[in-house]
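In what follows, a single structure is set out as structure tokens and then discussed.
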Amino acid sequence: MTTRGVLYVHSAPRALCPHVEWAVAGVLGVRVQLDWIRQPASPGTWRSEFSWKGAAGTASKLASALRGWDLLRFEVTAEPCATAEGERYSSTPELGIFHAVTGMHGDILVPEDRLRAALARSVRGETELEAEIAKLLGKPWDDELESFRHAGEGAPVRWLHQVV
């Protein structure tokens with residue numbers, strides 16, 4: 001069963017760009033050439049977006065191939081398909097990688113055992129419940145990546161118009 005997704009490279013040093021392409025090509029099994037544009041949120045870095053199609057599980061393979069690279073910020077998404085839920089991976093040098101299962105409308109689905117563990121840590125006084133829930137939803141990653149997500153100078157932008 002195939003699914004579709006998007007790889008968002010939010011920022012990468014120029015020297016790392018060909019390595020990102022090689023890693024993606026290695027996962028997808030085809031030659032990949034990304035369109036790189038400057039990332040104004042972090043001068044000296046580049047950004048790119050790449051739509052992909054592959055077997056369920058491809059998003060995790062892409063995230064694994066790219067995780068841990070210094071100075072690389074990225075997100076990988078996969079749409080749900082008949083055999084798998086959707087997925088979202090976010091990665092920053094400071095926070096590492098975040099993974100979430102997503103439903104058909106893009107909502108994050110938090111497994112029951114992770115909610116129970118967060119509640120238990122809160123009850124024991126190890127942390128605040130609000131902070132635990134924020135981590136389960138990927139808020140620290142969203143906060144760090146938000147300035148990188150906006151379309152950079154020269155980035156392709158698709159305008160959606162409301163139909164009445």
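Note on naming: chains are A, B, ... as they come in the structure tokens, residues start from 1 per chain, ligands start from 1 in the order shown.
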Give me, as an mmCIF file with N, CA, C and O atoms, in the first residue's frame, all polymer residues having an atom no more than 10 Å from Leu16 of chain A, counting only C-alpha atoms and skipping those fewer than 2 positions away in the same chain.
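Written output follows (around-v9.cif):
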data_model
loop_
_atom_site.group_PDB
_atom_site.id
_atom_site.type_symbol
_atom_site.label_atom_id
_atom_site.label_comp_id
_atom_site.auth_asym_id
_atom_site.auth_seq_id
_atom_site.Cartn_x
_atom_site.Cartn_y
_atom_site.Cartn_z
ATOM 1 N N SER A 11 16.011 24.126 7.385
ATOM 2 C CA SER A 11 17.309 24.798 7.299
ATOM 3 C C SER A 11 18.426 23.768 7.286
ATOM 4 O O SER A 11 18.408 22.807 8.053
ATOM 5 N N ALA A 12 19.362 23.995 6.370
ATOM 6 C CA ALA A 12 20.538 23.138 6.239
ATOM 7 C C ALA A 12 21.689 23.994 5.738
ATOM 8 O O ALA A 12 21.498 24.820 4.837
ATOM 9 N N PRO A 13 22.885 23.814 6.291
ATOM 10 C CA PRO A 13 24.039 24.509 5.724
ATOM 11 C C PRO A 13 24.254 24.040 4.283
ATOM 12 O O PRO A 13 23.931 22.903 3.942
ATOM 13 N N ARG A 14 24.775 24.902 3.450
ATOM 14 C CA ARG A 14 24.951 24.584 2.027
ATOM 15 C C ARG A 14 25.714 23.275 1.820
ATOM 16 O O ARG A 14 25.366 22.474 0.949
ATOM 17 N N PRO A 18 23.739 18.471 -0.494
ATOM 18 C CA PRO A 18 23.840 17.261 -1.318
ATOM 19 C C PRO A 18 23.709 15.973 -0.498
ATOM 20 O O PRO A 18 23.177 14.975 -0.986
ATOM 21 N N HIS A 19 24.138 15.999 0.742
ATOM 22 C CA HIS A 19 24.022 14.822 1.596
ATOM 23 C C HIS A 19 22.559 14.525 1.922
ATOM 24 O O HIS A 19 22.162 13.358 2.015
ATOM 25 N N VAL A 20 21.757 15.577 2.092
ATOM 26 C CA VAL A 20 20.320 15.393 2.303
ATOM 27 C C VAL A 20 19.715 14.726 1.070
ATOM 28 O O VAL A 20 18.951 13.758 1.184
ATOM 29 N N GLU A 21 20.075 15.210 -0.112
ATOM 30 C CA GLU A 21 19.562 14.618 -1.360
ATOM 31 C C GLU A 21 19.955 13.150 -1.473
ATOM 32 O O GLU A 21 19.133 12.310 -1.845
ATOM 33 N N THR A 45 21.834 29.443 5.622
ATOM 34 C CA THR A 45 21.249 28.109 5.476
ATOM 35 C C THR A 45 20.253 28.121 4.318
ATOM 36 O O THR A 45 19.862 29.167 3.818
ATOM 37 N N TRP A 46 19.862 26.924 3.924
ATOM 38 C CA TRP A 46 18.977 26.724 2.771
ATOM 39 C C TRP A 46 17.788 25.880 3.173
ATOM 40 O O TRP A 46 17.848 25.110 4.130
ATOM 41 N N TRP A 69 21.693 14.917 12.373
ATOM 42 C CA TRP A 69 22.664 15.726 11.637
ATOM 43 C C TRP A 69 22.682 17.125 12.243
ATOM 44 O O TRP A 69 21.649 17.789 12.314
ATOM 45 N N ASP A 70 23.856 17.554 12.674
ATOM 46 C CA ASP A 70 23.994 18.892 13.258
ATOM 47 C C ASP A 70 23.525 19.952 12.281
ATOM 48 O O ASP A 70 23.748 19.848 11.071
ATOM 49 N N LEU A 71 22.856 20.948 12.801
ATOM 50 C CA LEU A 71 22.412 22.124 12.056
ATOM 51 C C LEU A 71 21.315 21.851 11.037
ATOM 52 O O LEU A 71 21.026 22.689 10.204
ATOM 53 N N LEU A 72 20.690 20.677 11.086
ATOM 54 C CA LEU A 72 19.602 20.351 10.155
ATOM 55 C C LEU A 72 18.275 20.410 10.895
ATOM 56 O O LEU A 72 18.107 19.792 11.946
#
task: Write out as a ChimeraX atom specification the residues lying within 10 Å of segment 75-92 of chain A, counting only C-alpha atoms and excluding same-chain residues fewer than 2 positions away.
output: /A:1-11,49-64,66-73,94-109,138,141-142,144-145,149
Using DSSP on the backbone coordinates, identify all residues within segment 3-146 of chain A classified as helix (DSSP H, G or I); present the result as a compact mmCIF listing (two decimals) with all heavy atoms, in the first residue's frame.
# COMPACT_ATOMS: atom_id res chain seq x y z
N ARG A 14 24.77 24.90 3.45
CA ARG A 14 24.95 24.58 2.03
C ARG A 14 25.71 23.28 1.82
O ARG A 14 25.37 22.47 0.95
CB ARG A 14 25.67 25.75 1.33
CG ARG A 14 25.72 25.60 -0.17
CD ARG A 14 24.32 25.63 -0.70
NE ARG A 14 24.29 25.81 -2.14
CZ ARG A 14 23.28 25.44 -2.89
NH1 ARG A 14 22.21 24.90 -2.35
NH2 ARG A 14 23.28 25.62 -4.17
N ALA A 15 26.75 23.04 2.61
CA ALA A 15 27.57 21.83 2.46
C ALA A 15 26.78 20.55 2.75
O ALA A 15 27.13 19.48 2.27
CB ALA A 15 28.79 21.90 3.37
N LEU A 16 25.70 20.66 3.52
CA LEU A 16 24.90 19.50 3.88
C LEU A 16 23.83 19.18 2.83
O LEU A 16 23.33 18.04 2.78
CB LEU A 16 24.25 19.74 5.25
CG LEU A 16 23.66 18.56 5.99
CD1 LEU A 16 24.69 17.45 6.17
CD2 LEU A 16 23.13 19.02 7.33
N CYS A 17 23.49 20.12 1.98
CA CYS A 17 22.40 19.94 1.02
C CYS A 17 22.57 18.70 0.13
O CYS A 17 21.62 17.93 -0.01
CB CYS A 17 22.21 21.20 0.18
SG CYS A 17 21.66 22.63 1.16
N PRO A 18 23.74 18.47 -0.49
CA PRO A 18 23.84 17.26 -1.32
C PRO A 18 23.71 15.97 -0.50
O PRO A 18 23.18 14.97 -0.99
CB PRO A 18 25.22 17.35 -1.96
CG PRO A 18 25.88 18.57 -1.45
CD PRO A 18 24.92 19.30 -0.58
N HIS A 19 24.14 16.00 0.74
CA HIS A 19 24.02 14.82 1.60
C HIS A 19 22.56 14.52 1.92
O HIS A 19 22.16 13.36 2.01
CB HIS A 19 24.84 15.02 2.88
CG HIS A 19 26.29 15.18 2.62
ND1 HIS A 19 27.13 14.12 2.37
CD2 HIS A 19 27.06 16.30 2.52
CE1 HIS A 19 28.35 14.56 2.16
NE2 HIS A 19 28.34 15.89 2.24
N VAL A 20 21.76 15.58 2.09
CA VAL A 20 20.32 15.39 2.30
C VAL A 20 19.72 14.73 1.07
O VAL A 20 18.95 13.76 1.18
CB VAL A 20 19.62 16.74 2.61
CG1 VAL A 20 18.10 16.59 2.59
CG2 VAL A 20 20.09 17.30 3.95
N GLU A 21 20.07 15.21 -0.11
CA GLU A 21 19.56 14.62 -1.36
C GLU A 21 19.95 13.15 -1.47
O GLU A 21 19.13 12.31 -1.84
CB GLU A 21 20.07 15.41 -2.56
CG GLU A 21 19.47 16.79 -2.66
CD GLU A 21 20.01 17.60 -3.82
OE1 GLU A 21 20.90 17.11 -4.56
OE2 GLU A 21 19.54 18.74 -4.01
N TRP A 22 21.20 12.82 -1.15
CA TRP A 22 21.66 11.43 -1.23
C TRP A 22 20.91 10.55 -0.23
O TRP A 22 20.55 9.42 -0.55
CB TRP A 22 23.16 11.34 -0.98
CG TRP A 22 23.98 12.05 -2.01
CD1 TRP A 22 23.67 12.26 -3.34
CD2 TRP A 22 25.25 12.67 -1.80
NE1 TRP A 22 24.67 12.98 -3.95
CE2 TRP A 22 25.66 13.24 -3.03
CE3 TRP A 22 26.08 12.81 -0.70
CZ2 TRP A 22 26.86 13.92 -3.19
CZ3 TRP A 22 27.28 13.49 -0.85
CH2 TRP A 22 27.67 14.03 -2.08
N ALA A 23 20.67 11.06 0.97
CA ALA A 23 19.95 10.28 1.98
C ALA A 23 18.52 10.01 1.53
O ALA A 23 18.02 8.90 1.66
CB ALA A 23 19.97 11.01 3.32
N VAL A 24 17.86 11.03 1.00
CA VAL A 24 16.48 10.87 0.52
C VAL A 24 16.45 9.90 -0.65
O VAL A 24 15.59 9.01 -0.71
CB VAL A 24 15.87 12.24 0.14
CG1 VAL A 24 14.51 12.07 -0.51
CG2 VAL A 24 15.77 13.13 1.37
N ALA A 25 17.39 10.02 -1.57
CA ALA A 25 17.46 9.11 -2.71
C ALA A 25 17.68 7.68 -2.25
O ALA A 25 17.10 6.74 -2.80
CB ALA A 25 18.58 9.54 -3.66
N GLY A 26 18.50 7.50 -1.22
CA GLY A 26 18.75 6.16 -0.70
C GLY A 26 17.50 5.52 -0.14
O GLY A 26 17.29 4.31 -0.29
N VAL A 27 16.65 6.30 0.49
CA VAL A 27 15.39 5.78 1.04
C VAL A 27 14.39 5.50 -0.07
O VAL A 27 13.74 4.45 -0.09
CB VAL A 27 14.78 6.76 2.07
CG1 VAL A 27 13.38 6.33 2.47
CG2 VAL A 27 15.69 6.85 3.30
N LEU A 28 14.26 6.44 -1.02
CA LEU A 28 13.24 6.31 -2.07
C LEU A 28 13.67 5.41 -3.22
O LEU A 28 12.83 4.97 -4.01
CB LEU A 28 12.85 7.69 -2.59
CG LEU A 28 12.23 8.64 -1.55
CD1 LEU A 28 11.93 9.99 -2.18
CD2 LEU A 28 10.98 8.04 -0.94
N THR A 58 7.58 4.89 4.89
CA THR A 58 8.62 5.68 4.24
C THR A 58 8.98 6.93 5.05
O THR A 58 10.14 7.31 5.13
CB THR A 58 8.19 6.08 2.81
OG1 THR A 58 7.99 4.88 2.05
CG2 THR A 58 9.22 6.94 2.12
N ALA A 59 7.99 7.54 5.69
CA ALA A 59 8.26 8.74 6.49
C ALA A 59 9.26 8.42 7.61
O ALA A 59 10.20 9.19 7.86
CB ALA A 59 6.98 9.31 7.07
N SER A 60 9.08 7.29 8.28
CA SER A 60 10.00 6.94 9.35
C SER A 60 11.39 6.65 8.82
O SER A 60 12.40 6.99 9.46
CB SER A 60 9.47 5.74 10.16
OG SER A 60 9.40 4.59 9.35
N LYS A 61 11.48 6.06 7.64
CA LYS A 61 12.80 5.80 7.04
C LYS A 61 13.49 7.11 6.66
O LYS A 61 14.70 7.25 6.85
CB LYS A 61 12.65 4.90 5.81
CG LYS A 61 12.24 3.48 6.17
CD LYS A 61 12.04 2.63 4.94
CE LYS A 61 11.56 1.24 5.33
NZ LYS A 61 11.22 0.42 4.19
N LEU A 62 12.73 8.06 6.14
CA LEU A 62 13.31 9.37 5.82
C LEU A 62 13.80 10.08 7.09
O LEU A 62 14.91 10.61 7.12
CB LEU A 62 12.30 10.25 5.08
CG LEU A 62 12.00 9.87 3.64
CD1 LEU A 62 10.78 10.62 3.12
CD2 LEU A 62 13.21 10.13 2.75
N ALA A 63 12.96 10.07 8.13
CA ALA A 63 13.34 10.72 9.38
C ALA A 63 14.58 10.05 9.98
O ALA A 63 15.49 10.74 10.46
CB ALA A 63 12.18 10.68 10.37
N SER A 64 14.65 8.74 9.92
CA SER A 64 15.82 8.02 10.44
C SER A 64 17.08 8.35 9.66
O SER A 64 18.16 8.47 10.23
CB SER A 64 15.58 6.51 10.41
OG SER A 64 14.57 6.15 11.32
N ALA A 65 16.94 8.49 8.35
CA ALA A 65 18.10 8.79 7.51
C ALA A 65 18.66 10.19 7.78
O ALA A 65 19.84 10.44 7.60
CB ALA A 65 17.73 8.64 6.04
N LEU A 66 17.79 11.11 8.23
CA LEU A 66 18.20 12.50 8.42
C LEU A 66 18.44 12.88 9.89
O LEU A 66 19.06 13.91 10.15
CB LEU A 66 17.15 13.44 7.83
CG LEU A 66 16.91 13.32 6.33
CD1 LEU A 66 15.75 14.21 5.91
CD2 LEU A 66 18.16 13.65 5.55
N GLU A 112 -2.93 5.99 24.60
CA GLU A 112 -3.40 5.97 25.98
C GLU A 112 -2.25 5.80 26.98
O GLU A 112 -2.23 6.47 28.02
CB GLU A 112 -4.40 4.82 26.13
CG GLU A 112 -4.97 4.64 27.50
CD GLU A 112 -5.93 3.46 27.54
OE1 GLU A 112 -6.52 3.09 26.51
OE2 GLU A 112 -6.10 2.91 28.65
N ASP A 113 -1.30 4.92 26.69
CA ASP A 113 -0.22 4.68 27.65
C ASP A 113 0.67 5.91 27.82
O ASP A 113 1.18 6.17 28.92
CB ASP A 113 0.62 3.46 27.26
CG ASP A 113 1.27 3.58 25.91
OD1 ASP A 113 0.75 4.31 25.05
OD2 ASP A 113 2.32 2.93 25.71
N ARG A 114 0.83 6.71 26.78
CA ARG A 114 1.63 7.94 26.91
C ARG A 114 0.88 8.98 27.75
O ARG A 114 1.49 9.72 28.52
CB ARG A 114 1.97 8.49 25.52
CG ARG A 114 2.95 7.55 24.79
CD ARG A 114 3.40 8.08 23.47
NE ARG A 114 4.27 9.23 23.69
CZ ARG A 114 4.59 10.09 22.73
NH1 ARG A 114 4.11 9.94 21.51
NH2 ARG A 114 5.38 11.11 23.00
N LEU A 115 -0.45 9.05 27.61
CA LEU A 115 -1.24 9.94 28.45
C LEU A 115 -1.17 9.51 29.92
O LEU A 115 -1.01 10.35 30.81
CB LEU A 115 -2.70 9.97 27.99
CG LEU A 115 -3.00 10.78 26.75
CD1 LEU A 115 -4.43 10.53 26.27
CD2 LEU A 115 -2.79 12.26 27.02
N ARG A 116 -1.29 8.22 30.16
CA ARG A 116 -1.22 7.71 31.54
C ARG A 116 0.15 8.01 32.16
O ARG A 116 0.24 8.40 33.33
CB ARG A 116 -1.50 6.22 31.58
CG ARG A 116 -2.94 5.86 31.29
CD ARG A 116 -3.13 4.34 31.40
NE ARG A 116 -4.41 3.93 30.89
CZ ARG A 116 -5.55 3.98 31.57
NH1 ARG A 116 -5.56 4.45 32.78
NH2 ARG A 116 -6.67 3.57 31.01
N ALA A 117 1.21 7.84 31.40
CA ALA A 117 2.56 8.11 31.91
C ALA A 117 2.73 9.60 32.22
O ALA A 117 3.33 9.96 33.24
CB ALA A 117 3.61 7.64 30.90
N ALA A 118 2.22 10.47 31.35
CA ALA A 118 2.31 11.91 31.58
C ALA A 118 1.54 12.29 32.85
O ALA A 118 2.03 13.08 33.67
CB ALA A 118 1.76 12.67 30.38
N LEU A 119 0.36 11.73 33.02
CA LEU A 119 -0.44 12.00 34.21
C LEU A 119 0.28 11.50 35.47
O LEU A 119 0.32 12.20 36.49
CB LEU A 119 -1.81 11.35 34.08
CG LEU A 119 -2.79 11.61 35.22
CD1 LEU A 119 -3.04 13.09 35.41
CD2 LEU A 119 -4.10 10.88 34.96
N ALA A 120 0.89 10.32 35.40
CA ALA A 120 1.60 9.77 36.56
C ALA A 120 2.79 10.66 36.94
O ALA A 120 3.02 10.91 38.14
CB ALA A 120 2.08 8.35 36.25
N ARG A 121 3.55 11.14 35.96
CA ARG A 121 4.67 12.05 36.26
C ARG A 121 4.16 13.32 36.92
O ARG A 121 4.78 13.84 37.84
CB ARG A 121 5.46 12.36 34.99
CG ARG A 121 6.38 11.23 34.55
CD ARG A 121 7.31 11.65 33.43
NE ARG A 121 6.62 11.97 32.19
CZ ARG A 121 6.24 11.08 31.28
NH1 ARG A 121 6.50 9.79 31.46
NH2 ARG A 121 5.62 11.45 30.18
N SER A 122 3.04 13.81 36.47
CA SER A 122 2.45 15.02 37.03
C SER A 122 1.98 14.78 38.47
O SER A 122 2.24 15.59 39.35
CB SER A 122 1.28 15.48 36.16
OG SER A 122 0.61 16.55 36.75
N VAL A 123 1.32 13.68 38.71
CA VAL A 123 0.81 13.35 40.05
C VAL A 123 1.97 13.20 41.03
O VAL A 123 1.87 13.61 42.19
CB VAL A 123 -0.06 12.07 40.00
CG1 VAL A 123 -0.34 11.53 41.39
CG2 VAL A 123 -1.36 12.36 39.26
N LEU A 129 1.39 18.94 34.42
CA LEU A 129 0.60 18.23 33.40
C LEU A 129 0.56 19.02 32.10
O LEU A 129 0.67 18.43 31.01
CB LEU A 129 -0.82 17.95 33.91
CG LEU A 129 -1.71 17.14 32.97
CD1 LEU A 129 -1.06 15.79 32.62
CD2 LEU A 129 -3.08 16.95 33.58
N GLU A 130 0.43 20.32 32.19
CA GLU A 130 0.39 21.16 30.97
C GLU A 130 1.67 20.99 30.15
O GLU A 130 1.62 20.88 28.92
CB GLU A 130 0.20 22.62 31.35
CG GLU A 130 0.03 23.53 30.15
CD GLU A 130 -0.25 24.97 30.55
OE1 GLU A 130 -0.50 25.25 31.73
OE2 GLU A 130 -0.22 25.81 29.64
N ALA A 131 2.82 20.95 30.81
CA ALA A 131 4.09 20.77 30.10
C ALA A 131 4.17 19.39 29.46
O ALA A 131 4.67 19.23 28.34
CB ALA A 131 5.26 20.98 31.05
N GLU A 132 3.68 18.38 30.16
CA GLU A 132 3.67 17.02 29.63
C GLU A 132 2.80 16.92 28.38
O GLU A 132 3.19 16.31 27.38
CB GLU A 132 3.18 16.03 30.68
CG GLU A 132 4.17 15.77 31.77
CD GLU A 132 5.38 15.00 31.30
OE1 GLU A 132 5.23 14.04 30.50
OE2 GLU A 132 6.49 15.35 31.73
N ILE A 133 1.63 17.52 28.43
CA ILE A 133 0.73 17.49 27.28
C ILE A 133 1.34 18.26 26.11
O ILE A 133 1.26 17.83 24.95
CB ILE A 133 -0.67 18.02 27.65
CG1 ILE A 133 -1.34 17.03 28.60
CG2 ILE A 133 -1.52 18.25 26.41
CD1 ILE A 133 -2.65 17.50 29.20
N ALA A 134 1.98 19.39 26.39
CA ALA A 134 2.65 20.16 25.34
C ALA A 134 3.69 19.31 24.63
O ALA A 134 3.79 19.33 23.40
CB ALA A 134 3.28 21.42 25.93
N LYS A 135 4.46 18.52 25.39
CA LYS A 135 5.47 17.64 24.77
C LYS A 135 4.81 16.55 23.93
O LYS A 135 5.28 16.22 22.85
CB LYS A 135 6.38 17.03 25.83
CG LYS A 135 7.42 17.99 26.35
CD LYS A 135 8.50 17.29 27.13
CE LYS A 135 8.03 16.96 28.51
NZ LYS A 135 9.06 16.38 29.38
N LEU A 136 3.71 15.99 24.43
CA LEU A 136 3.00 14.95 23.69
C LEU A 136 2.47 15.47 22.35
O LEU A 136 2.36 14.72 21.38
CB LEU A 136 1.84 14.40 24.51
CG LEU A 136 2.21 13.54 25.72
CD1 LEU A 136 0.96 13.21 26.54
CD2 LEU A 136 2.92 12.27 25.29
N LYS A 139 4.66 20.62 20.96
CA LYS A 139 4.71 22.08 21.05
C LYS A 139 6.12 22.65 21.07
O LYS A 139 6.39 23.63 20.38
CB LYS A 139 3.90 22.59 22.24
CG LYS A 139 3.82 24.12 22.28
CD LYS A 139 2.91 24.61 23.34
CE LYS A 139 2.76 26.10 23.43
NZ LYS A 139 3.72 26.94 22.80
N PRO A 140 7.06 22.07 21.83
CA PRO A 140 8.42 22.63 21.79
C PRO A 140 9.02 22.64 20.38
O PRO A 140 9.69 23.59 19.99
CB PRO A 140 9.21 21.72 22.73
CG PRO A 140 8.19 21.17 23.67
CD PRO A 140 6.95 21.00 22.82
N TRP A 141 8.75 21.60 19.59
CA TRP A 141 9.24 21.54 18.22
C TRP A 141 8.51 22.57 17.35
O TRP A 141 9.14 23.25 16.54
CB TRP A 141 9.06 20.13 17.65
CG TRP A 141 10.03 19.16 18.24
CD1 TRP A 141 11.24 18.78 17.71
CD2 TRP A 141 9.90 18.46 19.48
NE1 TRP A 141 11.85 17.89 18.55
CE2 TRP A 141 11.05 17.67 19.65
CE3 TRP A 141 8.92 18.42 20.46
CZ2 TRP A 141 11.25 16.85 20.74
CZ3 TRP A 141 9.12 17.60 21.56
CH2 TRP A 141 10.28 16.83 21.70
N ASP A 142 7.20 22.68 17.52
CA ASP A 142 6.44 23.68 16.77
C ASP A 142 6.96 25.08 17.07
O ASP A 142 7.12 25.89 16.16
CB ASP A 142 4.95 23.60 17.09
CG ASP A 142 4.27 22.39 16.48
OD1 ASP A 142 4.82 21.81 15.52
OD2 ASP A 142 3.20 22.01 16.97
N ASP A 143 7.20 25.37 18.35
CA ASP A 143 7.69 26.69 18.73
C ASP A 143 9.03 27.00 18.07
O ASP A 143 9.25 28.11 17.58
CB ASP A 143 7.83 26.80 20.26
CG ASP A 143 6.50 26.82 20.98
OD1 ASP A 143 5.45 27.00 20.33
OD2 ASP A 143 6.51 26.62 22.21
N GLU A 144 9.92 26.02 18.05
CA GLU A 144 11.25 26.25 17.47
C GLU A 144 11.20 26.33 15.95
O GLU A 144 11.95 27.10 15.34
CB GLU A 144 12.22 25.14 17.89
CG GLU A 144 13.63 25.44 17.44
CD GLU A 144 14.66 24.51 18.02
OE1 GLU A 144 14.48 24.04 19.16
OE2 GLU A 144 15.65 24.26 17.33
N LEU A 145 10.34 25.57 15.31
CA LEU A 145 10.31 25.53 13.85
C LEU A 145 9.42 26.59 13.20
O LEU A 145 9.53 26.83 12.00
CB LEU A 145 9.86 24.14 13.38
CG LEU A 145 10.85 23.01 13.64
CD1 LEU A 145 10.21 21.67 13.31
CD2 LEU A 145 12.13 23.21 12.85
N GLU A 146 8.56 27.22 13.96
CA GLU A 146 7.58 28.13 13.38
C GLU A 146 8.21 29.21 12.51
O GLU A 146 7.74 29.49 11.41
CB GLU A 146 6.71 28.76 14.45
CG GLU A 146 5.50 29.50 13.90
CD GLU A 146 4.59 28.62 13.04
OE1 GLU A 146 4.45 27.41 13.32
OE2 GLU A 146 4.03 29.14 12.07
task: Enumerate, as an MDAnalysis selection string, the complete set of residues in segment 50-161 of chain A that a backbone-based DSSP assignment places in strand (DSSP E or B).
output: chainID A and resid 50:55 73:78 81 84 86:92 96:102 108:109
- request: Write out as number ranges by chain which residues come within 7 Å of Ile37 of chain A when counting only C-alpha atoms, dropping same-chain ones fewer than 2 positions away.
  value: A: 35, 39, 46-48, 155
message: Taking only C-alpha atoms into account, name the residue in A:Pro111, A:Arg31, A:Arg124, A:His150 that is nearest to Leu137 of chain A.
response: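 Of the candidates, the smallest distance to Leu137 of chain A is held by A:Pro111.
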